[in-house]
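Trainee: Following this message is one structure expressed as structure tokens.
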Amino acid sequence: MTHDPLIDIQDLQVHFPIKGGLLRRTAGVVKAVDHVSFQIDKNETVGLVGESGCGKSTVGRAIVRLNEATGGKILYQDQDILSLRGEALRKLRHNLQIVFQDPYSSLNPRYTVKRLIAEVLTVQKGYSTSEAYKRVGELLERVGLNPIYAERYPHEFSGGQRQRVAIAKALALEPEFIVCDEAVSALDVSIQSQIINLLTDLKEKYGIAYLFISHALNVIEHISDRVVVMYLGSVMELSETEELFLHPLHPYTRALISAIPMLSGREQRERIVLKGDVPSAANVPPGCRFHTRCPYACDRCRTEQPAMRQAAPGHYVACHQV
Amino acid sequence: MEKQDVLLNVQNLRTWFNTPEGVVKSVNGVSFHVDRGETLALVGESGCGKTVTTLSLMKLLGKNSVVTADELTLNGRDIRALSKEEARKIRGKEISMIFQEPMTSLNPVYRIQRQLGEMLRIHNPGISRTEVHRRSVDILRKVGVPNPDERLKVFPHQLSGGLRQRVMIAIALASNPAMVIADEPTTALDVTIQAQVIDLLKELQRDFNTSILLITHDFGVVSQLANRVAVMYAGKIVEEGPLKDVIERPLHPYTELLILSIPGIKVKKGGRLRTIEGQVPNPLYFPEGCRFHPRCPSACDRCHREEPPQITIGGQTVSCWLRAEEGQYDT
């Protein structure tokens, strides 16, 4: 990869201490994100997929500095995001934004939409209130909402409209990059497709790059240019979307893809049903962390952690068996 | 269709709620039947009346509700006239329910042992303690819970999402009901766990000949489990038919749009997904004529004025004016 990435995540680690006992001593560490590296290019959508608890949201939150990283680097415009403080950090948020899963809890219920969005502009760009209010209508139009809705409160909207408000808010500062953390997962399929189309349009129009975090593989397949598959805090596989879905190499990726329910009539893939649940991130299995659920695990997998290597151009995988 | 094969028969079900704003007609004239050992999927967006339909069948609605039907029979027995006590006995024994969110439907302060045991004790009065334990372990093993002996002693929060849903299914199946209502049973789960639960439901249906009424908005899950599909919109069933026919040849524009709005099913990657503009109407103000007409891309004048009749085309029935020429009107 010789080109110039927009965001370069290098060896990112995010650990959370487990406090216990009378003196609240640290009894252990949850390695939510454990040595994760990947890049996001300008105007590219990278899908980040995995089961609940695999650390995918933590990666997204670390990029916008909502979680503090334990180690590693995240490079953006030649500076390490993780070392920014104060004013520089505040400036960073002009360019990096996040949209959450649940617009019910991420929008202040006591503010009108106008005030919600205007606040971003007055705080970050120093707009006067009247200037900011003028921009609100325009932003609402960009996300397909009628500007007269600016006077309403979040509870007066449906789930899909509320997600549009959250996106308008993220767009207010004209960011280069948006983290979408399960942004469409809580919506009905018919509304989900509206939001997916909206995100695609905005990408084309304004050249935005996304990190699209989701556990829904069909959505990931549809929207992403490249896909990163995570399991228990680590990247298992990384590839162009089409290549990944046509030739998944890692047994975990294969199981995930085979588990997508398909409409009958389309060719049915052989189902690989994984046994058991994801192990706890406080107690990661030695060797390959997937070996406890892997149907092909051998002795080597139980002791030696597989390294990430290139199996085909642009297609990386961490597995001894490939 | 032989009469004795029908387990649940619902004709012209209406569930209305009296509210300060007026009468909310959440379910308005819904008819369907579920055969023995069959899975019928009830599909539609949030707020279209799927869950209210099932709660009416279970008699689990509050005092401000009025449930009427021309026919409502389970196993040949009229369930409209049941007293509270009788309804309670039928629930769990003949018809039971699996809810979407196992964390909120299991009691967080009781161990699994007690919650599963309660089902067994209620439906088998006089059962001994050791027998309750033996059967509990048995059921948990059947639904694929590893180490059932130990798992009986834990609280719900100590289990993962997949295991919790298995426990829910175990409780629903404890008394071997003829009919299980599964309300979005896999919506809150990861795909890998969802695949496990779908396989489990299929297996249990094969082993016990249980009928399943599956409530979902996900056509992917429907295609894995259902034999027949009924599509619901704004309190009415707009299309019904065998799974394969409905998916390959949806007759109602709503069904077609629901299928086309799912990424990766029929739309090519990166292409534009079909959307359904607007949202499900408020049940206080359902539109005149066909209820779908404000969101329908092919609505005509007649759709604005007159409610479409039910039309039978092959094995499917549909309520849509666009199909009026093609099939036979039902009276």
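Residues are referred to by chain and number: the chain letter is A, B, ... according to the order shown in the structure tokens, the number counts from 1 in that chain, and ligands are numbered separately from 1 in the order shown.
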Could you pull out the strand (DSSP E) residues of segment 96-321 of chain A from DSSP and send them as a ChimeraX atom specification?
Mentor: /A:96-99,177-181,209-214,226-231,234-240,309-312,315-317
Trainee: Could you give me the residues within segment 157-219 of chain B that DSSP places in helix (DSSP H, G or I), as a PyMOL selection string?
Mentor: chain B and resi 157-158+161-173+191-208+219
Trainee: Could you save the residues just selected, with N, CA and C atoms, as an mmCIF file, in the first residue's frame?
Mentor:
```
data_model
loop_
_atom_site.group_PDB
_atom_site.id
_atom_site.type_symbol
_atom_site.label_atom_id
_atom_site.label_comp_id
_atom_site.auth_asym_id
_atom_site.auth_seq_id
_atom_site.Cartn_x
_atom_site.Cartn_y
_atom_site.Cartn_z
ATOM 1 N N HIS B 157 -28.399 -12.596 33.807
ATOM 2 C CA HIS B 157 -27.340 -11.692 33.323
ATOM 3 C C HIS B 157 -26.008 -12.408 33.190
ATOM 4 N N GLN B 158 -25.901 -13.597 33.772
ATOM 5 C CA GLN B 158 -24.647 -14.335 33.669
ATOM 6 C C GLN B 158 -24.551 -15.145 32.379
ATOM 7 N N GLY B 161 -26.178 -13.651 25.197
ATOM 8 C CA GLY B 161 -27.441 -13.428 24.483
ATOM 9 C C GLY B 161 -28.012 -14.694 23.870
ATOM 10 N N GLY B 162 -27.149 -15.482 23.257
ATOM 11 C CA GLY B 162 -27.595 -16.711 22.612
ATOM 12 C C GLY B 162 -28.133 -17.715 23.618
ATOM 13 N N LEU B 163 -27.425 -17.846 24.737
ATOM 14 C CA LEU B 163 -27.878 -18.795 25.757
ATOM 15 C C LEU B 163 -29.181 -18.343 26.389
ATOM 16 N N ARG B 164 -29.306 -17.027 26.604
ATOM 17 C CA ARG B 164 -30.535 -16.494 27.182
ATOM 18 C C ARG B 164 -31.717 -16.809 26.279
ATOM 19 N N GLN B 165 -31.499 -16.643 24.962
ATOM 20 C CA GLN B 165 -32.594 -16.927 24.041
ATOM 21 C C GLN B 165 -32.919 -18.426 24.066
ATOM 22 N N ARG B 166 -31.907 -19.265 24.243
ATOM 23 C CA ARG B 166 -32.162 -20.698 24.355
ATOM 24 C C ARG B 166 -32.976 -21.012 25.601
ATOM 25 N N VAL B 167 -32.649 -20.305 26.699
ATOM 26 C CA VAL B 167 -33.413 -20.524 27.932
ATOM 27 C C VAL B 167 -34.872 -20.113 27.718
ATOM 28 N N MET B 168 -35.070 -18.970 27.031
ATOM 29 C CA MET B 168 -36.432 -18.531 26.705
ATOM 30 C C MET B 168 -37.178 -19.604 25.927
ATOM 31 N N ILE B 169 -36.492 -20.174 24.951
ATOM 32 C CA ILE B 169 -37.117 -21.199 24.129
ATOM 33 C C ILE B 169 -37.412 -22.427 24.991
ATOM 34 N N ALA B 170 -36.485 -22.748 25.891
ATOM 35 C CA ALA B 170 -36.710 -23.888 26.793
ATOM 36 C C ALA B 170 -37.964 -23.668 27.628
ATOM 37 N N ILE B 171 -38.117 -22.448 28.164
ATOM 38 C CA ILE B 171 -39.294 -22.160 28.988
ATOM 39 C C ILE B 171 -40.560 -22.250 28.135
ATOM 40 N N ALA B 172 -40.476 -21.739 26.913
ATOM 41 C CA ALA B 172 -41.647 -21.782 26.034
ATOM 42 C C ALA B 172 -42.022 -23.218 25.691
ATOM 43 N N LEU B 173 -41.028 -24.089 25.635
ATOM 44 C CA LEU B 173 -41.315 -25.451 25.203
ATOM 45 C C LEU B 173 -41.522 -26.412 26.367
ATOM 46 N N VAL B 191 -25.461 -12.538 13.835
ATOM 47 C CA VAL B 191 -25.793 -13.491 12.761
ATOM 48 C C VAL B 191 -25.424 -14.932 13.094
ATOM 49 N N THR B 192 -24.266 -15.125 13.728
ATOM 50 C CA THR B 192 -23.853 -16.508 13.997
ATOM 51 C C THR B 192 -24.799 -17.154 15.010
ATOM 52 N N ILE B 193 -25.205 -16.366 16.011
ATOM 53 C CA ILE B 193 -26.122 -16.882 17.032
ATOM 54 C C ILE B 193 -27.509 -17.030 16.414
ATOM 55 N N GLN B 194 -27.874 -16.092 15.546
ATOM 56 C CA GLN B 194 -29.146 -16.172 14.849
ATOM 57 C C GLN B 194 -29.256 -17.486 14.067
ATOM 58 N N ALA B 195 -28.156 -17.865 13.399
ATOM 59 C CA ALA B 195 -28.161 -19.119 12.641
ATOM 60 C C ALA B 195 -28.373 -20.303 13.580
ATOM 61 N N GLN B 196 -27.758 -20.249 14.762
ATOM 62 C CA GLN B 196 -27.955 -21.332 15.739
ATOM 63 C C GLN B 196 -29.415 -21.424 16.166
ATOM 64 N N VAL B 197 -30.021 -20.270 16.453
ATOM 65 C CA VAL B 197 -31.405 -20.274 16.950
ATOM 66 C C VAL B 197 -32.372 -20.728 15.852
ATOM 67 N N ILE B 198 -32.129 -20.298 14.612
ATOM 68 C CA ILE B 198 -32.989 -20.742 13.508
ATOM 69 C C ILE B 198 -32.916 -22.265 13.361
ATOM 70 N N ASP B 199 -31.700 -22.809 13.409
ATOM 71 C CA ASP B 199 -31.551 -24.256 13.308
ATOM 72 C C ASP B 199 -32.269 -24.967 14.447
ATOM 73 N N LEU B 200 -32.148 -24.389 15.652
ATOM 74 C CA LEU B 200 -32.795 -24.991 16.817
ATOM 75 C C LEU B 200 -34.312 -25.031 16.644
ATOM 76 N N LEU B 201 -34.891 -23.910 16.208
ATOM 77 C CA LEU B 201 -36.349 -23.862 16.032
ATOM 78 C C LEU B 201 -36.805 -24.889 14.998
ATOM 79 N N LYS B 202 -36.013 -25.026 13.926
ATOM 80 C CA LYS B 202 -36.365 -25.995 12.881
ATOM 81 C C LYS B 202 -36.353 -27.410 13.430
ATOM 82 N N GLU B 203 -35.298 -27.699 14.198
ATOM 83 C CA GLU B 203 -35.132 -29.023 14.768
ATOM 84 C C GLU B 203 -36.289 -29.358 15.709
ATOM 85 N N LEU B 204 -36.607 -28.395 16.566
ATOM 86 C CA LEU B 204 -37.662 -28.634 17.548
ATOM 87 C C LEU B 204 -39.000 -28.837 16.855
ATOM 88 N N GLN B 205 -39.208 -28.083 15.775
ATOM 89 C CA GLN B 205 -40.453 -28.236 15.037
ATOM 90 C C GLN B 205 -40.550 -29.630 14.429
ATOM 91 N N ARG B 206 -39.407 -30.103 13.909
ATOM 92 C CA ARG B 206 -39.398 -31.434 13.309
ATOM 93 C C ARG B 206 -39.661 -32.499 14.373
ATOM 94 N N ASP B 207 -39.029 -32.343 15.542
ATOM 95 C CA ASP B 207 -39.159 -33.368 16.582
ATOM 96 C C ASP B 207 -40.526 -33.391 17.250
ATOM 97 N N PHE B 208 -41.132 -32.232 17.435
ATOM 98 C CA PHE B 208 -42.374 -32.187 18.215
ATOM 99 C C PHE B 208 -43.594 -31.796 17.401
ATOM 100 N N PHE B 219 -37.038 -10.526 5.958
ATOM 101 C CA PHE B 219 -37.374 -11.552 4.982
ATOM 102 C C PHE B 219 -36.305 -12.647 4.919
#
```
Trainee: What's the 8 Å shell around segment 270-278 of chain B, counting only C-alpha atoms, without same-chain residues fewer than 4 positions away, as an mmCIF file with N, CA and C atoms, in the first residue's frame?
Mentor:
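part-v5.cif, written as the output of this step:
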```
data_model
loop_
_atom_site.group_PDB
_atom_site.id
_atom_site.type_symbol
_atom_site.label_atom_id
_atom_site.label_comp_id
_atom_site.auth_asym_id
_atom_site.auth_seq_id
_atom_site.Cartn_x
_atom_site.Cartn_y
_atom_site.Cartn_z
ATOM 1 N N SER A 190 -37.125 -1.041 5.510
ATOM 2 C CA SER A 190 -37.513 -0.043 4.512
ATOM 3 C C SER A 190 -36.853 1.296 4.807
ATOM 4 N N ILE A 191 -36.709 1.620 6.093
ATOM 5 C CA ILE A 191 -36.086 2.875 6.504
ATOM 6 C C ILE A 191 -34.570 2.743 6.408
ATOM 7 N N SER A 193 -32.910 1.166 4.258
ATOM 8 C CA SER A 193 -32.449 1.369 2.892
ATOM 9 C C SER A 193 -32.431 2.855 2.548
ATOM 10 N N GLN A 194 -33.352 3.638 3.112
ATOM 11 C CA GLN A 194 -33.322 5.095 2.872
ATOM 12 C C GLN A 194 -32.019 5.697 3.391
ATOM 13 N N ILE A 196 -29.139 4.143 4.058
ATOM 14 C CA ILE A 196 -27.988 3.652 3.295
ATOM 15 C C ILE A 196 -27.834 4.454 2.001
ATOM 16 N N ASN A 197 -28.946 4.681 1.311
ATOM 17 C CA ASN A 197 -28.882 5.477 0.080
ATOM 18 C C ASN A 197 -28.394 6.891 0.370
ATOM 19 N N HIS A 222 -23.046 -4.344 0.929
ATOM 20 C CA HIS A 222 -23.631 -3.371 0.024
ATOM 21 C C HIS A 222 -22.870 -2.051 0.014
ATOM 22 N N ILE A 223 -22.458 -1.606 1.185
ATOM 23 C CA ILE A 223 -21.985 -0.215 1.290
ATOM 24 C C ILE A 223 -20.462 -0.076 1.241
ATOM 25 N N LEU B 257 -41.541 -4.089 -2.345
ATOM 26 C CA LEU B 257 -40.620 -3.080 -1.841
ATOM 27 C C LEU B 257 -39.898 -3.564 -0.595
ATOM 28 N N LEU B 258 -40.618 -4.289 0.267
ATOM 29 C CA LEU B 258 -39.966 -4.824 1.470
ATOM 30 C C LEU B 258 -38.811 -5.729 1.074
ATOM 31 N N LEU B 260 -37.168 -5.753 -1.849
ATOM 32 C CA LEU B 260 -36.119 -5.032 -2.573
ATOM 33 C C LEU B 260 -35.336 -4.055 -1.709
ATOM 34 N N SER B 261 -35.859 -3.754 -0.519
ATOM 35 C CA SER B 261 -35.120 -2.803 0.307
ATOM 36 C C SER B 261 -34.046 -3.489 1.148
ATOM 37 N N ILE B 262 -33.988 -4.818 1.104
ATOM 38 C CA ILE B 262 -32.935 -5.502 1.857
ATOM 39 C C ILE B 262 -31.660 -5.532 1.023
ATOM 40 N N PRO B 263 -30.531 -5.040 1.584
ATOM 41 C CA PRO B 263 -29.293 -5.059 0.806
ATOM 42 C C PRO B 263 -28.870 -6.493 0.521
ATOM 43 N N ARG B 295 -47.873 5.798 0.128
ATOM 44 C CA ARG B 295 -46.468 5.406 -0.031
ATOM 45 C C ARG B 295 -46.258 4.553 -1.271
ATOM 46 N N CYS B 296 -47.347 4.262 -1.987
ATOM 47 C CA CYS B 296 -47.257 3.307 -3.088
ATOM 48 C C CYS B 296 -46.824 4.004 -4.371
#
```
Trainee: Quick one: distance from atom CA of Ala281 of chain A to atom CA of Leu232 of chain A in Å, one decimal?
Mentor: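 About the pair atom CA of Ala281 of chain A and atom CA of Leu232 of chain A: they are 6.2 Å apart.
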Trainee: Taking only C-alpha atoms into account, which of B:Thr210, B:Ala226, B:Met103, B:Gln113 comes nearest Leu189 of chain B?
Mentor: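 Using only C-alpha atoms, the shortest distance to Leu189 of chain B belongs to B:Met103.
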Trainee: Given a cut-off of 7 Å, which residues of chain A touch chain B, counting only C-alpha atoms, written out as a PyMOL selection string?
Mentor: chain A and resi 51-52+188-191+193-194+197+215+218-219+221-223+256+259-264+273-274
Trainee: So that I can check the surroundings of Pro175 of chain A, please list as a list of chain:residue names every protein, DNA and RNA residue that reaches within 7 Å of it, counting only C-alpha atoms and ignoring chain neighbours fewer than 2 positions away.
Mentor: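 Skipping anything fewer than 2 positions along the chain leaves A:His94, A:Asn95, A:Leu96, A:Gln97, A:Leu171, A:Leu173, A:Phe177, A:Ile178.
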Trainee: Suppose you want the space between atom CA of Pro154 of chain A and atom CA of Val123 of chain A; what is it in Å?
Mentor: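 Between atom CA of Pro154 of chain A and atom CA of Val123 of chain A the gap is 20.6 Å.
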Trainee: What lies within 6 Å of Val317 of chain A using only C-alpha atoms, ignoring chain neighbours under 2 positions off, as a VMD selection string?
Mentor: chain A and resid 236 to 237 308 to 309
Trainee: Atoms to include: C-alpha atoms. Write the selected residues as an mmCIF file, in the first residue's frame.
Mentor:
```cif
data_model
loop_
_atom_site.group_PDB
_atom_site.id
_atom_site.type_symbol
_atom_site.label_atom_id
_atom_site.label_comp_id
_atom_site.auth_asym_id
_atom_site.auth_seq_id
_atom_site.Cartn_x
_atom_site.Cartn_y
_atom_site.Cartn_z
ATOM 1 C CA MET A 236 -8.863 -11.724 11.248
ATOM 2 C CA GLU A 237 -9.171 -10.736 7.634
ATOM 3 C CA MET A 308 -1.367 -11.184 9.415
ATOM 4 C CA ARG A 309 -0.082 -11.915 5.929
#
```
Trainee: Please provide as a PDB file with C-alpha atoms, in the first residue's frame all residues within 7 Å of segment 114-121 of chain B, with the sequence filter that same-chain residues fewer than 3 positions apart are discarded (counting only C-alpha atoms).
Mentor:
```
ATOM      1  CA  TYR B 110     -34.531 -15.306  39.882  1.00  0.00           C
ATOM      2  CA  ARG B 111     -32.204 -18.107  38.904  1.00  0.00           C
ATOM      3  CA  ASN B 124     -47.967 -30.376  36.280  1.00  0.00           C
ATOM      4  CA  PRO B 125     -49.477 -29.889  39.747  1.00  0.00           C
ATOM      5  CA  ILE B 127     -44.775 -32.776  40.527  1.00  0.00           C
ATOM      6  CA  VAL B 132     -38.706 -30.773  38.169  1.00  0.00           C
ATOM      7  CA  SER B 136     -35.356 -28.939  33.551  1.00  0.00           C
ATOM      8  CA  ILE B 171     -39.294 -22.160  28.988  1.00  0.00           C
ATOM      9  CA  ALA B 174     -41.355 -26.782  28.783  1.00  0.00           C
ATOM     10  CA  SER B 175     -44.923 -28.013  28.571  1.00  0.00           C
TER      11      SER B 175
END
```
Trainee: Atom CA of Lys93 of chain B and atom CA of Val143 of chain B, how far apart in Å?
Mentor: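 Taking atom CA of Val143 of chain B as the start and atom CA of Lys93 of chain B as the end point, the length is 18.0 Å.
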Trainee: With only C-alpha atoms as the counted atoms, please give the residues lying no more than 10 Å from Met230 of chain A, apart from itself and same-chain residues fewer than 4 positions off, as a VMD selection string.
Mentor: chain A and resid 33 36 48 to 51 53 to 56 234 to 238 252 to 253
